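Asker: The file below is model_37.cif, mmCIF, C-alpha atoms and all ligand atoms:
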```cif
data_target
#
loop_
_atom_site.label_atom_id
_atom_site.label_comp_id
_atom_site.auth_asym_id
_atom_site.auth_seq_id
_atom_site.Cartn_x
_atom_site.Cartn_y
_atom_site.Cartn_z
CA MET A 19 0.00 0.00 0.00
CA SER A 20 1.26 3.49 -0.74
CA GLN A 21 2.37 5.54 2.22
CA MET A 22 -0.30 7.90 3.65
CA ILE A 23 0.85 11.46 4.26
CA SER A 24 -0.28 12.59 7.67
CA VAL A 25 -0.93 16.17 8.73
CA ASP A 26 -1.39 17.24 12.34
CA LEU A 27 -4.54 19.31 12.80
CA ILE A 28 -4.30 21.36 16.00
CA ALA A 29 -7.42 22.37 17.91
CA GLY A 30 -7.22 23.89 21.36
CA ALA A 31 -9.92 26.39 22.20
CA ARG A 32 -13.55 26.99 21.30
CA PRO A 33 -12.97 29.28 18.29
CA ASN A 34 -10.71 26.63 16.72
CA PHE A 35 -13.28 23.87 16.51
CA MET A 36 -15.52 25.41 13.81
CA LYS A 37 -12.41 26.20 11.75
CA ILE A 38 -11.05 22.64 11.89
CA ALA A 39 -14.34 20.79 11.23
CA PRO A 40 -14.64 21.60 7.50
CA ILE A 41 -10.95 20.81 6.92
CA ILE A 42 -11.50 17.32 8.30
CA ASP A 43 -14.57 16.93 6.07
CA ALA A 44 -12.58 18.06 3.04
CA ILE A 45 -9.73 15.63 3.80
CA LYS A 46 -12.23 12.78 4.12
CA ALA A 47 -13.75 13.78 0.80
CA VAL A 48 -10.41 13.57 -1.05
CA GLN A 49 -9.59 10.32 0.75
CA SER A 50 -12.75 8.80 -0.66
CA GLN A 51 -11.38 9.71 -4.09
CA GLY A 52 -8.19 7.80 -3.30
CA SER A 53 -6.00 10.63 -1.97
CA LEU A 54 -3.08 9.67 0.26
CA LEU A 55 -3.63 12.70 2.48
CA ASN A 56 -4.38 11.74 6.08
CA TYR A 57 -4.62 13.61 9.37
CA ARG A 58 -4.04 13.25 13.08
CA LEU A 59 -6.37 15.40 15.18
CA ILE A 60 -4.65 16.85 18.23
CA HIS A 61 -6.69 18.58 20.93
CA THR A 62 -4.43 20.51 23.28
CA GLY A 63 -7.09 20.61 26.00
CA GLN A 64 -6.81 24.40 26.42
CA HIS A 65 -10.61 24.41 26.54
CA TYR A 66 -11.89 21.28 28.21
CA ASP A 67 -15.43 21.90 29.59
CA ARG A 68 -18.33 20.18 27.91
CA ALA A 69 -19.78 23.62 27.16
CA MET A 70 -16.54 25.02 25.73
CA SER A 71 -15.35 21.91 23.89
CA GLY A 72 -17.27 18.59 23.99
CA ASP A 73 -20.57 19.98 22.71
CA PHE A 74 -18.83 21.53 19.72
CA PHE A 75 -17.23 18.25 18.73
CA ALA A 76 -20.59 16.49 18.95
CA GLN A 77 -22.64 19.13 17.12
CA LEU A 78 -20.11 19.70 14.34
CA GLY A 79 -19.46 15.99 13.84
CA ILE A 80 -15.75 16.34 14.63
CA PRO A 81 -14.21 12.93 15.31
CA GLU A 82 -12.68 12.12 18.69
CA PRO A 83 -9.17 13.60 18.82
CA ASP A 84 -6.44 11.07 18.12
CA ILE A 85 -4.44 12.69 20.90
CA ASN A 86 -5.54 14.97 23.74
CA LEU A 87 -2.71 16.86 25.44
CA GLU A 88 -5.03 17.76 28.35
CA VAL A 89 -3.20 20.92 29.35
CA GLY A 90 -6.18 22.62 31.02
CA SER A 91 -6.18 26.13 32.49
CA GLY A 92 -3.21 28.21 33.52
CA THR A 93 -1.44 31.50 32.92
CA GLN A 94 -0.40 32.34 29.37
CA ALA A 95 3.11 31.03 30.03
CA GLU A 96 1.92 27.90 31.82
CA GLN A 97 -0.45 26.99 29.01
CA THR A 98 2.16 27.74 26.34
CA ALA A 99 4.85 25.73 28.12
CA ASN A 100 2.59 22.75 28.82
CA ILE A 101 1.33 22.58 25.26
CA MET A 102 4.88 22.83 23.91
CA MET A 103 6.29 20.12 26.16
CA ARG A 104 3.45 17.73 25.45
CA TYR A 105 3.23 18.31 21.70
CA GLU A 106 7.01 17.95 21.40
CA LYS A 107 6.76 14.47 22.92
CA VAL A 108 4.07 13.57 20.39
CA LEU A 109 6.16 14.75 17.45
CA LEU A 110 9.31 13.07 18.75
CA GLN A 111 7.41 9.81 18.91
CA GLN A 112 5.92 10.21 15.48
CA LYS A 113 6.64 13.08 13.13
CA SER A 114 3.99 14.38 10.77
CA ALA A 115 4.35 15.87 7.30
CA LEU A 116 2.86 19.19 8.38
CA CYS A 117 1.49 20.96 11.43
CA LEU A 118 -1.69 22.84 10.52
CA VAL A 119 -2.78 25.44 13.05
CA VAL A 120 -5.85 27.69 12.93
CA GLY A 121 -6.71 31.07 14.42
CA ASP A 122 -4.85 32.92 17.12
CA VAL A 123 -5.15 31.12 20.42
CA THR A 124 -2.30 30.03 22.69
CA SER A 125 -2.45 26.51 21.25
CA THR A 126 -1.90 27.89 17.74
CA MET A 127 1.37 29.58 18.62
CA ALA A 128 2.66 26.89 20.96
CA CYS A 129 2.27 24.03 18.48
CA ALA A 130 3.67 26.06 15.58
CA ILE A 131 6.88 26.74 17.51
CA VAL A 132 7.33 23.10 18.45
CA ALA A 133 6.74 21.84 14.91
CA ARG A 134 9.01 24.31 13.19
CA LYS A 135 11.85 23.64 15.63
CA LEU A 136 11.59 19.94 14.86
CA GLY A 137 11.72 20.59 11.14
CA VAL A 138 8.00 20.01 10.54
CA PRO A 139 6.56 22.67 8.22
CA VAL A 140 3.73 24.84 9.54
CA ALA A 141 0.55 25.92 7.77
CA HIS A 142 -1.52 28.69 9.34
CA VAL A 143 -5.21 28.93 8.53
CA GLU A 144 -6.36 32.54 9.09
CA GLY A 145 -2.75 33.73 8.77
CA GLY A 146 -1.87 37.37 8.23
CA ILE A 147 -4.60 39.18 10.15
CA ARG A 148 -3.43 41.94 12.50
CA SER A 149 -5.12 44.19 15.03
CA GLY A 150 -2.00 46.21 15.84
CA ASP A 151 -3.06 45.90 19.47
CA TRP A 152 -0.18 44.48 21.46
CA THR A 153 -2.20 44.27 24.67
CA MET A 154 -4.08 41.27 23.21
CA PRO A 155 -2.43 37.89 23.71
CA GLU A 156 -4.01 36.89 20.37
CA GLU A 157 -2.00 39.54 18.49
CA ILE A 158 1.24 38.18 19.91
CA ASN A 159 0.12 34.66 18.99
CA ARG A 160 -0.60 35.79 15.42
CA VAL A 161 2.69 37.57 14.89
CA VAL A 162 4.80 34.81 16.44
CA THR A 163 2.96 32.10 14.53
CA ASP A 164 3.21 33.92 11.20
CA SER A 165 6.92 34.61 11.71
CA ILE A 166 7.60 30.85 11.48
CA THR A 167 4.77 29.73 9.19
CA ASN A 168 5.65 28.14 5.85
CA TRP A 169 2.23 28.32 4.15
CA PHE A 170 -0.48 30.86 4.84
CA PHE A 171 -4.16 30.20 4.17
CA THR A 172 -5.83 33.58 4.31
CA THR A 173 -9.33 34.97 4.72
CA SER A 174 -8.91 38.42 3.15
CA GLU A 175 -6.89 40.65 0.84
CA THR A 176 -5.92 42.69 3.89
CA ALA A 177 -4.28 39.61 5.36
CA ASN A 178 -2.43 39.01 2.07
CA ASP A 179 -1.18 42.62 2.12
CA ASN A 180 -0.04 42.36 5.74
CA LEU A 181 1.96 39.26 4.90
CA ARG A 182 3.52 40.72 1.76
CA ARG A 183 4.49 43.83 3.69
CA SER A 184 6.28 41.68 6.25
CA GLY A 185 8.27 40.01 3.48
CA VAL A 186 6.34 36.80 2.86
CA ALA A 187 6.70 35.55 -0.73
CA ASP A 188 3.55 35.46 -2.85
CA ASP A 189 3.84 31.75 -3.55
CA CYS A 190 3.47 30.98 0.16
CA ILE A 191 0.17 32.87 0.45
CA PHE A 192 -3.07 31.13 -0.50
CA PHE A 193 -6.18 33.29 -0.39
CA VAL A 194 -8.77 30.61 0.27
CA GLY A 195 -11.60 32.28 2.20
CA ASN A 196 -12.95 31.55 5.63
CA THR A 197 -13.34 28.06 7.09
CA MET A 198 -15.44 29.44 9.97
CA ILE A 199 -17.97 30.49 7.34
CA ASP A 200 -17.78 27.04 5.72
CA THR A 201 -19.11 25.69 9.00
CA LEU A 202 -21.76 28.37 9.39
CA LEU A 203 -23.15 27.81 5.90
CA LYS A 204 -23.06 24.05 6.31
CA GLN A 205 -24.87 24.16 9.66
CA MET A 206 -27.39 26.88 8.74
CA SER A 207 -30.36 24.55 8.33
CA ARG A 208 -29.55 22.73 11.58
CA LEU A 209 -29.47 25.83 13.79
CA ARG A 210 -31.99 25.43 16.59
CA PRO A 211 -33.40 27.54 19.41
CA PRO A 212 -31.82 27.19 22.83
CA VAL A 213 -33.86 25.62 25.65
CA PHE A 214 -34.67 29.03 27.20
CA TRP A 215 -36.14 30.49 23.97
CA ASN A 216 -39.77 30.19 25.06
CA GLU A 217 -39.12 30.72 28.74
CA LEU A 218 -37.59 34.14 28.03
CA GLY A 219 -40.32 34.91 25.50
CA LEU A 220 -37.80 35.59 22.72
CA GLN A 221 -39.16 36.64 19.33
CA PRO A 222 -37.16 36.93 16.10
CA GLY A 223 -35.78 40.44 15.73
CA GLN A 224 -36.92 41.40 19.23
CA TYR A 225 -33.88 40.75 21.43
CA PHE A 226 -30.13 41.37 21.60
CA VAL A 227 -27.21 38.99 22.11
CA VAL A 228 -24.16 40.02 24.13
CA THR A 229 -20.81 38.24 24.48
CA LEU A 230 -17.86 39.64 26.40
CA HIS A 231 -14.65 37.91 27.39
CA ARG A 232 -11.69 40.18 26.64
CA PRO A 233 -9.65 41.02 29.72
CA ALA A 234 -9.96 44.76 28.94
CA ASN A 235 -13.75 44.52 29.23
CA VAL A 236 -14.36 41.88 31.85
CA ASP A 237 -11.43 41.69 34.25
CA GLY A 238 -12.15 45.13 35.70
CA GLU A 239 -15.45 44.88 37.54
CA GLN A 240 -16.41 48.53 37.14
CA GLN A 241 -15.84 48.47 33.37
CA LEU A 242 -17.99 45.36 33.02
CA LEU A 243 -20.75 46.85 35.15
CA GLN A 244 -20.79 50.10 33.17
CA LEU A 245 -20.98 48.25 29.86
CA LEU A 246 -23.86 46.05 31.04
CA HIS A 247 -25.84 49.03 32.32
CA ALA A 248 -25.25 50.93 29.09
CA ILE A 249 -26.38 47.97 27.01
CA VAL A 250 -29.60 47.45 28.93
CA GLY A 251 -30.14 51.21 29.04
CA GLY A 252 -29.90 51.46 25.25
CA THR A 253 -31.99 48.52 24.08
CA ARG A 254 -35.45 50.03 24.79
CA GLY A 255 -36.74 47.20 26.95
CA LEU A 256 -35.89 44.39 24.50
CA PRO A 257 -34.48 41.34 26.28
CA VAL A 258 -30.70 41.00 26.26
CA VAL A 259 -29.32 37.44 26.22
CA PHE A 260 -25.80 37.11 27.59
CA PRO A 261 -24.07 33.72 27.28
CA VAL A 262 -21.36 34.08 29.88
CA HIS A 263 -17.81 32.93 29.11
CA PRO A 264 -16.05 31.27 32.10
CA ARG A 265 -13.60 34.18 32.43
CA THR A 266 -16.47 36.65 32.58
CA ALA A 267 -18.36 34.46 35.05
CA LYS A 268 -15.54 34.98 37.56
CA SER A 269 -15.98 38.77 37.46
CA LEU A 270 -19.77 38.50 37.56
CA ARG A 271 -19.73 36.28 40.61
CA GLN A 272 -17.82 39.01 42.39
CA LEU A 273 -20.25 41.67 41.17
CA GLU A 274 -23.43 39.71 41.89
CA VAL A 275 -25.42 42.13 39.76
CA GLU A 276 -28.98 41.58 38.65
CA ILE A 277 -30.12 43.97 35.93
CA PRO A 278 -33.77 43.68 34.78
CA GLY A 279 -33.93 42.63 31.12
CA LEU A 280 -30.42 41.14 31.15
CA HIS A 281 -30.49 37.34 31.03
CA TYR A 282 -27.31 35.48 31.93
CA VAL A 283 -27.14 32.05 30.31
CA ASP A 284 -24.43 29.39 30.11
CA PRO A 285 -22.07 29.25 27.12
CA GLN A 286 -24.20 27.88 24.29
CA GLY A 287 -23.62 25.10 21.80
CA TYR A 288 -22.75 26.08 18.24
CA LEU A 289 -26.22 25.42 16.83
CA GLU A 290 -28.02 27.30 19.61
CA PHE A 291 -25.64 30.24 19.67
CA ASN A 292 -25.84 30.89 15.96
CA TYR A 293 -29.61 30.47 16.00
CA LEU A 294 -29.68 33.24 18.60
CA VAL A 295 -27.38 35.43 16.51
CA ARG A 296 -29.24 34.81 13.27
CA HIS A 297 -32.54 36.00 14.69
CA ALA A 298 -31.24 38.83 16.91
CA ARG A 299 -31.98 42.51 16.31
CA GLY A 300 -28.30 43.08 16.98
CA VAL A 301 -25.21 41.59 18.58
CA ILE A 302 -22.89 43.37 21.00
CA THR A 303 -19.54 41.63 21.38
CA ASP A 304 -15.81 41.87 21.90
CA SER A 305 -15.13 38.67 19.95
CA GLY A 306 -13.49 38.68 16.53
CA GLY A 307 -14.99 35.50 15.09
CA ILE A 308 -18.56 36.51 15.88
CA THR A 309 -18.16 39.65 13.74
CA GLU A 310 -17.52 37.36 10.76
CA GLU A 311 -20.66 35.34 11.45
CA THR A 312 -22.84 38.44 11.89
CA THR A 313 -21.43 39.77 8.61
CA VAL A 314 -22.49 36.67 6.72
CA LEU A 315 -25.85 36.54 8.53
CA GLY A 316 -26.45 40.25 7.86
CA VAL A 317 -27.07 40.98 11.55
CA PRO A 318 -25.92 44.37 12.92
CA CYS A 319 -22.89 44.00 15.17
CA LEU A 320 -21.44 46.46 17.67
CA THR A 321 -17.87 45.58 18.63
CA LEU A 322 -16.70 46.82 22.00
CA ARG A 323 -13.07 47.23 20.96
CA ASP A 324 -10.99 50.06 19.48
CA ASN A 325 -9.46 47.93 16.75
CA THR A 326 -10.08 44.80 14.74
CA GLU A 327 -7.93 42.28 12.92
CA ARG A 328 -10.93 41.70 10.64
CA PRO A 329 -11.44 45.10 8.97
CA GLU A 330 -13.57 43.61 6.17
CA THR A 331 -16.34 43.01 8.73
CA VAL A 332 -16.47 46.80 9.08
CA THR A 333 -15.76 47.97 5.52
CA ILE A 334 -17.93 45.32 3.84
CA GLY A 335 -19.95 43.70 6.63
CA THR A 336 -22.39 44.79 9.32
CA ASN A 337 -19.82 45.40 12.04
CA GLU A 338 -18.92 48.73 13.64
CA LEU A 339 -16.18 49.44 16.19
CA ILE A 340 -17.84 51.16 19.13
CA GLY A 341 -14.81 51.19 21.44
CA THR A 342 -14.75 50.27 25.09
CA ASN A 343 -16.24 53.47 26.49
CA SER A 344 -19.76 52.66 27.67
CA ASP A 345 -20.96 56.17 26.67
CA ASN A 346 -20.67 55.15 23.00
CA LEU A 347 -23.36 52.51 23.30
CA ALA A 348 -26.48 54.67 23.60
CA PRO A 349 -26.09 56.60 20.30
CA ALA A 350 -25.06 53.47 18.37
CA LEU A 351 -27.97 51.44 19.71
CA ALA A 352 -30.37 54.30 18.93
CA ARG A 353 -29.17 54.31 15.32
CA LEU A 354 -29.66 50.58 15.10
CA LEU A 355 -33.14 50.60 16.65
CA ASP A 356 -34.23 53.51 14.45
CA GLY A 357 -33.38 51.42 11.39
CA ARG A 358 -30.33 53.43 10.41
CA TRP A 359 -27.71 50.63 10.47
CA LYS A 360 -25.81 49.73 7.29
CA ARG A 361 -26.92 46.58 5.45
CA GLY A 362 -23.52 45.11 4.61
CA GLY A 363 -22.32 42.52 2.11
CA THR A 364 -20.24 39.34 2.13
CA PRO A 365 -16.44 39.41 1.72
CA GLU A 366 -14.82 37.67 -1.24
CA LYS A 367 -14.53 33.88 -1.03
CA TRP A 368 -16.58 33.57 2.16
CA ASP A 369 -18.63 31.09 0.19
CA GLY A 370 -18.47 27.78 2.06
CA HIS A 371 -15.58 26.31 0.03
CA ALA A 372 -12.47 27.53 1.87
CA ALA A 373 -11.58 24.13 3.35
CA GLU A 374 -11.81 22.45 -0.06
CA ARG A 375 -9.34 25.02 -1.41
CA ILE A 376 -7.01 24.41 1.52
CA VAL A 377 -7.04 20.66 1.05
CA ALA A 378 -6.48 21.00 -2.71
CA GLU A 379 -3.36 23.09 -1.94
CA LEU A 380 -2.19 20.60 0.70
CA GLU A 381 -2.40 17.80 -1.84
CA ARG A 382 -0.42 19.85 -4.32
CA LEU A 383 2.20 20.76 -1.71
CA LEU A 384 2.55 17.42 0.07
CA VAL A 385 1.27 14.49 -1.93
C1 LIG B 401 -9.30 31.92 24.66
C2 LIG B 401 -8.51 32.54 23.52
C3 LIG B 401 -9.35 33.62 22.83
C4 LIG B 401 -10.70 33.09 22.42
C5 LIG B 401 -11.39 32.49 23.63
C6 LIG B 401 -12.73 31.93 23.28
C7 LIG B 401 -6.09 32.66 23.92
C8 LIG B 401 -4.96 33.54 24.25
N1 LIG B 401 -7.32 33.20 24.02
O1 LIG B 401 -9.47 32.91 25.66
O2 LIG B 401 -8.66 34.07 21.69
O3 LIG B 401 -11.49 34.12 21.87
O4 LIG B 401 -10.55 31.46 24.16
O5 LIG B 401 -13.32 31.28 24.35
O6 LIG B 401 -5.88 31.51 23.57
N2 LIG B 401 -12.05 27.94 31.35
C9 LIG B 401 -13.03 27.07 31.81
N3 LIG B 401 -13.38 26.03 31.02
C10 LIG B 401 -12.81 25.81 29.80
C11 LIG B 401 -11.83 26.69 29.36
C12 LIG B 401 -11.46 27.76 30.13
O7 LIG B 401 -13.57 27.24 32.87
O8 LIG B 401 -13.18 24.83 29.13
C13 LIG B 401 -11.63 29.07 32.19
C14 LIG B 401 -10.16 28.99 32.50
O9 LIG B 401 -9.96 28.36 33.72
C15 LIG B 401 -9.72 30.44 32.53
C16 LIG B 401 -10.72 31.15 31.66
O10 LIG B 401 -11.79 30.25 31.42
O11 LIG B 401 -9.82 30.97 33.81
C17 LIG B 401 -10.10 31.60 30.39
O12 LIG B 401 -9.65 30.50 29.57
P1 LIG B 401 -8.36 30.63 28.65
O13 LIG B 401 -8.23 29.43 27.79
O14 LIG B 401 -7.21 31.00 29.47
O15 LIG B 401 -8.59 31.87 27.71
P2 LIG B 401 -9.93 32.51 27.13
O16 LIG B 401 -10.19 33.77 27.86
O17 LIG B 401 -11.02 31.49 27.07
#
```
Go ahead and express the file in the form of structure tokens.
Ligand code: UD1
Answerer:
Amino acid sequence: MSQMISVDLIAGARPNFMKIAPIIDAIKAVQSQGSLLNYRLIHTGQHYDRAMSGDFFAQLGIPEPDINLEVGSGTQAEQTANIMMRYEKVLLQQKSALCLVVGDVTSTMACAIVARKLGVPVAHVEGGIRSGDWTMPEEINRVVTDSITNWFFTTSETANDNLRRSGVADDCIFFVGNTMIDTLLKQMSRLRPPVFWNELGLQPGQYFVVTLHRPANVDGEQQLLQLLHAIVGGTRGLPVVFPVHPRTAKSLRQLEVEIPGLHYVDPQGYLEFNYLVRHARGVITDSGGITEETTVLGVPCLTLRDNTERPETVTIGTNELIGTNSDNLAPALARLLDGRWKRGGTPEKWDGHAAERIVAELERLLV
């Protein structure tokens, strides 16, 4: 039998899982046509809760990881070091033809460093995006990862430009589109209301969704409190649904605030969360990935950050940068509720076929 060529697919934290799922599907599809491309799925265990990890694997049909590094929580350095030590052991035992990392989480950077130092080439899906904000651990992860990446699979022309400007050769950059959107489009017909939909009396177009987890917004209790009051104050009595990230839950427990109209719920599964987003009047968030989903769904999005590594969600999509000052919320929400929000369009190649393009390139490069 001919030798299979095995690629390590690295998944560590919640926003990785929807980016990896369509790549696995696309590899299986070429395998069924006789391709020699194979994969080994490695979960670092950075996110480990059922709500942050297990449910996503089940809903998105991601197979059980071949290897789970089980690193768990820790400081940035602890997580990085643990992932590196454990992934190095894996590679020393059995090398792979390529280490494919996605996104910008700690696991992305840690595994890329290990692979490259052991002579295993690195491919970065979502390479090249930059916020310019060095207070975000994700920005450091992006820059470090891209500085040692061999092949870049990009989501936008801006990413391509950023890479060229930093000296990356054109033939290492593959503008493929957005695998997170592959997943969204594939799952669209399966989206389903969360269990609390009726209980909270939610109606399509008649509620808001909030997600907050960036240290700048949630680690300082007063900042978080001001944002929440401004959100509820600006949404004219419409219910506000707030799936609370574990980091944010820690701050909220200390605050113990009840605000009428604000509904705290647990982190949601993929299908429930995107159902909520799809039918919301608007989304208020400090996430990056969610601004891509709202863009494709055509749902107004207010981003509580001063910068974004995904500028196309603002220039083409429905996203607007509101900043972190809670005073900015009232006028923006008024514009939205008065029907004066932009409509937005879909960025180039966010068409559901990014993973197929990636796998076609991998076959060309490796097989
Ligand atoms: C990480 C990513 C961020 C991503 C976010 C999505 C980095 C640097 N950041 O941030 O880019 O947007 O995930 O969720 O990689 N925790 C649990 N259960 C879990 C996982 C985490 O309770 O399954 C707790 C941890 O104990 C920790 C906190 O949540 O206190 C934060 O987790 P961590 O992985 O450190 O970073 P995130 O803030 O989730």
Asker: Looking at only C-alpha atoms, which of A:Thr331, A:Gln97, A:Asn292, A:Thr364 is the one that sits closest to Arg210 (chain A)?
Answerer: A:Asn292
Asker: With distances taken over only C-alpha atoms and all ligand atoms, which residue among A:Leu339, A:Leu384, A:Met154, A:Leu109 lies nearest ligand LIG 401 (chain B)?
Answerer: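 For ligand LIG 401 (chain B), the nearest of the given residues is A:Met154.
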Asker: Residues at most 6 Å from ligand LIG 401 (chain B), using only C-alpha atoms and all ligand atoms? Could they come as a list in words?
Answerer: Ala31, Arg32, Pro33, Gln64, His65, Tyr66, Asp67, Met70, Ser91, Val123, Thr124, Pro155, Glu156, Pro264 and Arg265 of chain A
Asker: Write the residues of the selection above to a file with C-alpha atoms, as an mmCIF file, keeping the file's coordinate frame.
Answerer:
```cif
data_model
loop_
_atom_site.group_PDB
_atom_site.id
_atom_site.type_symbol
_atom_site.label_atom_id
_atom_site.label_comp_id
_atom_site.auth_asym_id
_atom_site.auth_seq_id
_atom_site.Cartn_x
_atom_site.Cartn_y
_atom_site.Cartn_z
ATOM 1 C CA ALA A 31 -9.920 26.390 22.200
ATOM 2 C CA ARG A 32 -13.550 26.990 21.300
ATOM 3 C CA PRO A 33 -12.970 29.280 18.290
ATOM 4 C CA GLN A 64 -6.810 24.400 26.420
ATOM 5 C CA HIS A 65 -10.610 24.410 26.540
ATOM 6 C CA TYR A 66 -11.890 21.280 28.210
ATOM 7 C CA ASP A 67 -15.430 21.900 29.590
ATOM 8 C CA MET A 70 -16.540 25.020 25.730
ATOM 9 C CA SER A 91 -6.180 26.130 32.490
ATOM 10 C CA VAL A 123 -5.150 31.120 20.420
ATOM 11 C CA THR A 124 -2.300 30.030 22.690
ATOM 12 C CA PRO A 155 -2.430 37.890 23.710
ATOM 13 C CA GLU A 156 -4.010 36.890 20.370
ATOM 14 C CA PRO A 264 -16.050 31.270 32.100
ATOM 15 C CA ARG A 265 -13.600 34.180 32.430
#
```
Asker: Of the residues A:Ile249, A:Pro285, A:Ala378, A:Ser125, which is the one nearest to Pro349 (chain A), using all atoms listed in the file?
Answerer: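 Looking at the shortest contact to Pro349 (chain A), the residue is A:Ile249.
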Asker: My list of candidates is A:Ala234, A:Met198, A:Leu242, A:Ile41. Which is closest to Asp151 (chain A) when distances are computed with only C-alpha atoms?
Answerer: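 Among A:Ala234, A:Met198, A:Leu242, A:Ile41, it is A:Ala234 that comes nearest to Asp151 (chain A).
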Asker: Using only C-alpha atoms, can you tell me which of A:His297, A:Arg358, A:Arg182, A:Arg328 comes closest to Glu310 (chain A)?
Answerer: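 Looking at the shortest contact to Glu310 (chain A), the residue is A:Arg328.
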Asker: Quick one: everything within 12 Å of Gly341 (chain A), counting only C-alpha atoms, minus sequence neighbours fewer than 6 positions away in the same chain. Send it as a PyMOL selection string.
Answerer: chain A and resi 234-235+245+302-304+320-326+347+350
Asker: Taking only C-alpha atoms into account, which of A:Gly145, A:Gly63, A:Gly287, A:Gly238 comes nearest Ser269 (chain A)?
Answerer: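 Residue with the minimum atom-to-atom distance to Ser269 (chain A): A:Gly238.
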Asker: Quick one: pull the distance between CA of Gly370 (chain A) and CA of Ile23 (chain A), Å, one decimal.
Answerer: 25.4 Å
Asker: Could you jot down the CA of Leu181 (chain A) to CA of Arg160 (chain A) separation for me, Å, one decimal place?
Answerer: 11.4 Å
Asker: Residues near Tyr282 (chain A), anyone? I mean within 8 Å using all atoms listed in the file, not counting same-chain ones fewer than 2 positions away, as a list in words.
Answerer: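 My list of contacting residues is Val259, Phe260, Pro261, Val262, Leu280 and Asp284 of chain A.
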Asker: What lies within 9 Å of Asn178 (chain A) using only C-alpha atoms, ignoring chain neighbours under 3 positions off, as a list in words?
Answerer: Gly145, Gly146, Ile147, Phe170, Thr172, Thr173, Ser174, Glu175, Leu181, Arg182, Arg183, Asp188, Ile191, Phe192 and Phe193 of chain A
Asker: Need to verify the contact set: region 214-217 of chain A, 9 Å, all atoms listed in the file, exclusion of same-chain residues closer than 3 positions in sequence. Can you return it as a list in words?
Answerer: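 Skipping anything fewer than 3 positions along the chain leaves Pro211, Leu220, Gln221, Val283 and Leu294 of chain A.
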Asker: Would you write out those residues with C-alpha atoms, as a compact mmCIF listing (two decimals), in the coordinates of the input?
Answerer:
```txt
# COMPACT_ATOMS: atom_id res chain seq x y z
CA PRO A 211 -33.40 27.54 19.41
CA LEU A 220 -37.80 35.59 22.72
CA GLN A 221 -39.16 36.64 19.33
CA VAL A 283 -27.14 32.05 30.31
CA LEU A 294 -29.68 33.24 18.60
```
Asker: Determine, counting only C-alpha atoms, every residue of protein, DNA or RNA that lies within 12 Å of (-35.5, 42.5, 24.5) in the file coordinates, then give the result as a PyMOL selection string.
Answerer: chain A and resi 218-228+249-260+278-281+298-301+355
Asker: Output file request: region 49-60 of chain A, with N, CA and C atoms, as a PDB file, in the first residue's frame.
Answerer:
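Below is the file result.pdb, written as the result:
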```pdb
ATOM      1  N   GLN A  49      -9.969  11.723   0.458  1.00  0.00           N
ATOM      2  CA  GLN A  49      -9.585  10.324   0.749  1.00  0.00           C
ATOM      3  C   GLN A  49     -10.515   9.350   0.018  1.00  0.00           C
ATOM      4  N   SER A  50     -11.793   9.702  -0.003  1.00  0.00           N
ATOM      5  CA  SER A  50     -12.750   8.799  -0.656  1.00  0.00           C
ATOM      6  C   SER A  50     -12.522   8.750  -2.164  1.00  0.00           C
ATOM      7  N   GLN A  51     -11.758   9.722  -2.668  1.00  0.00           N
ATOM      8  CA  GLN A  51     -11.378   9.706  -4.093  1.00  0.00           C
ATOM      9  C   GLN A  51     -10.003   9.071  -4.282  1.00  0.00           C
ATOM     10  N   GLY A  52      -9.465   8.506  -3.180  1.00  0.00           N
ATOM     11  CA  GLY A  52      -8.195   7.803  -3.301  1.00  0.00           C
ATOM     12  C   GLY A  52      -6.963   8.615  -2.920  1.00  0.00           C
ATOM     13  N   SER A  53      -7.164   9.814  -2.358  1.00  0.00           N
ATOM     14  CA  SER A  53      -6.004  10.626  -1.971  1.00  0.00           C
ATOM     15  C   SER A  53      -5.221   9.955  -0.840  1.00  0.00           C
ATOM     16  N   LEU A  54      -3.925  10.229  -0.806  1.00  0.00           N
ATOM     17  CA  LEU A  54      -3.080   9.673   0.257  1.00  0.00           C
ATOM     18  C   LEU A  54      -2.974  10.616   1.454  1.00  0.00           C
ATOM     19  N   LEU A  55      -3.689  11.732   1.390  1.00  0.00           N
ATOM     20  CA  LEU A  55      -3.629  12.699   2.483  1.00  0.00           C
ATOM     21  C   LEU A  55      -4.385  12.156   3.697  1.00  0.00           C
ATOM     22  N   ASN A  56      -3.743  12.215   4.854  1.00  0.00           N
ATOM     23  CA  ASN A  56      -4.380  11.741   6.080  1.00  0.00           C
ATOM     24  C   ASN A  56      -4.155  12.787   7.173  1.00  0.00           C
ATOM     25  N   TYR A  57      -4.820  12.625   8.298  1.00  0.00           N
ATOM     26  CA  TYR A  57      -4.620  13.606   9.371  1.00  0.00           C
ATOM     27  C   TYR A  57      -4.596  12.919  10.733  1.00  0.00           C
ATOM     28  N   ARG A  58      -4.010  13.660  11.683  1.00  0.00           N
ATOM     29  CA  ARG A  58      -4.042  13.247  13.079  1.00  0.00           C
ATOM     30  C   ARG A  58      -4.603  14.443  13.821  1.00  0.00           C
ATOM     31  N   LEU A  59      -5.733  14.274  14.483  1.00  0.00           N
ATOM     32  CA  LEU A  59      -6.372  15.400  15.178  1.00  0.00           C
ATOM     33  C   LEU A  59      -5.821  15.504  16.595  1.00  0.00           C
ATOM     34  N   ILE A  60      -5.242  16.659  16.901  1.00  0.00           N
ATOM     35  CA  ILE A  60      -4.645  16.852  18.227  1.00  0.00           C
ATOM     36  C   ILE A  60      -5.379  17.964  18.961  1.00  0.00           C
TER      37      ILE A  60
END
```
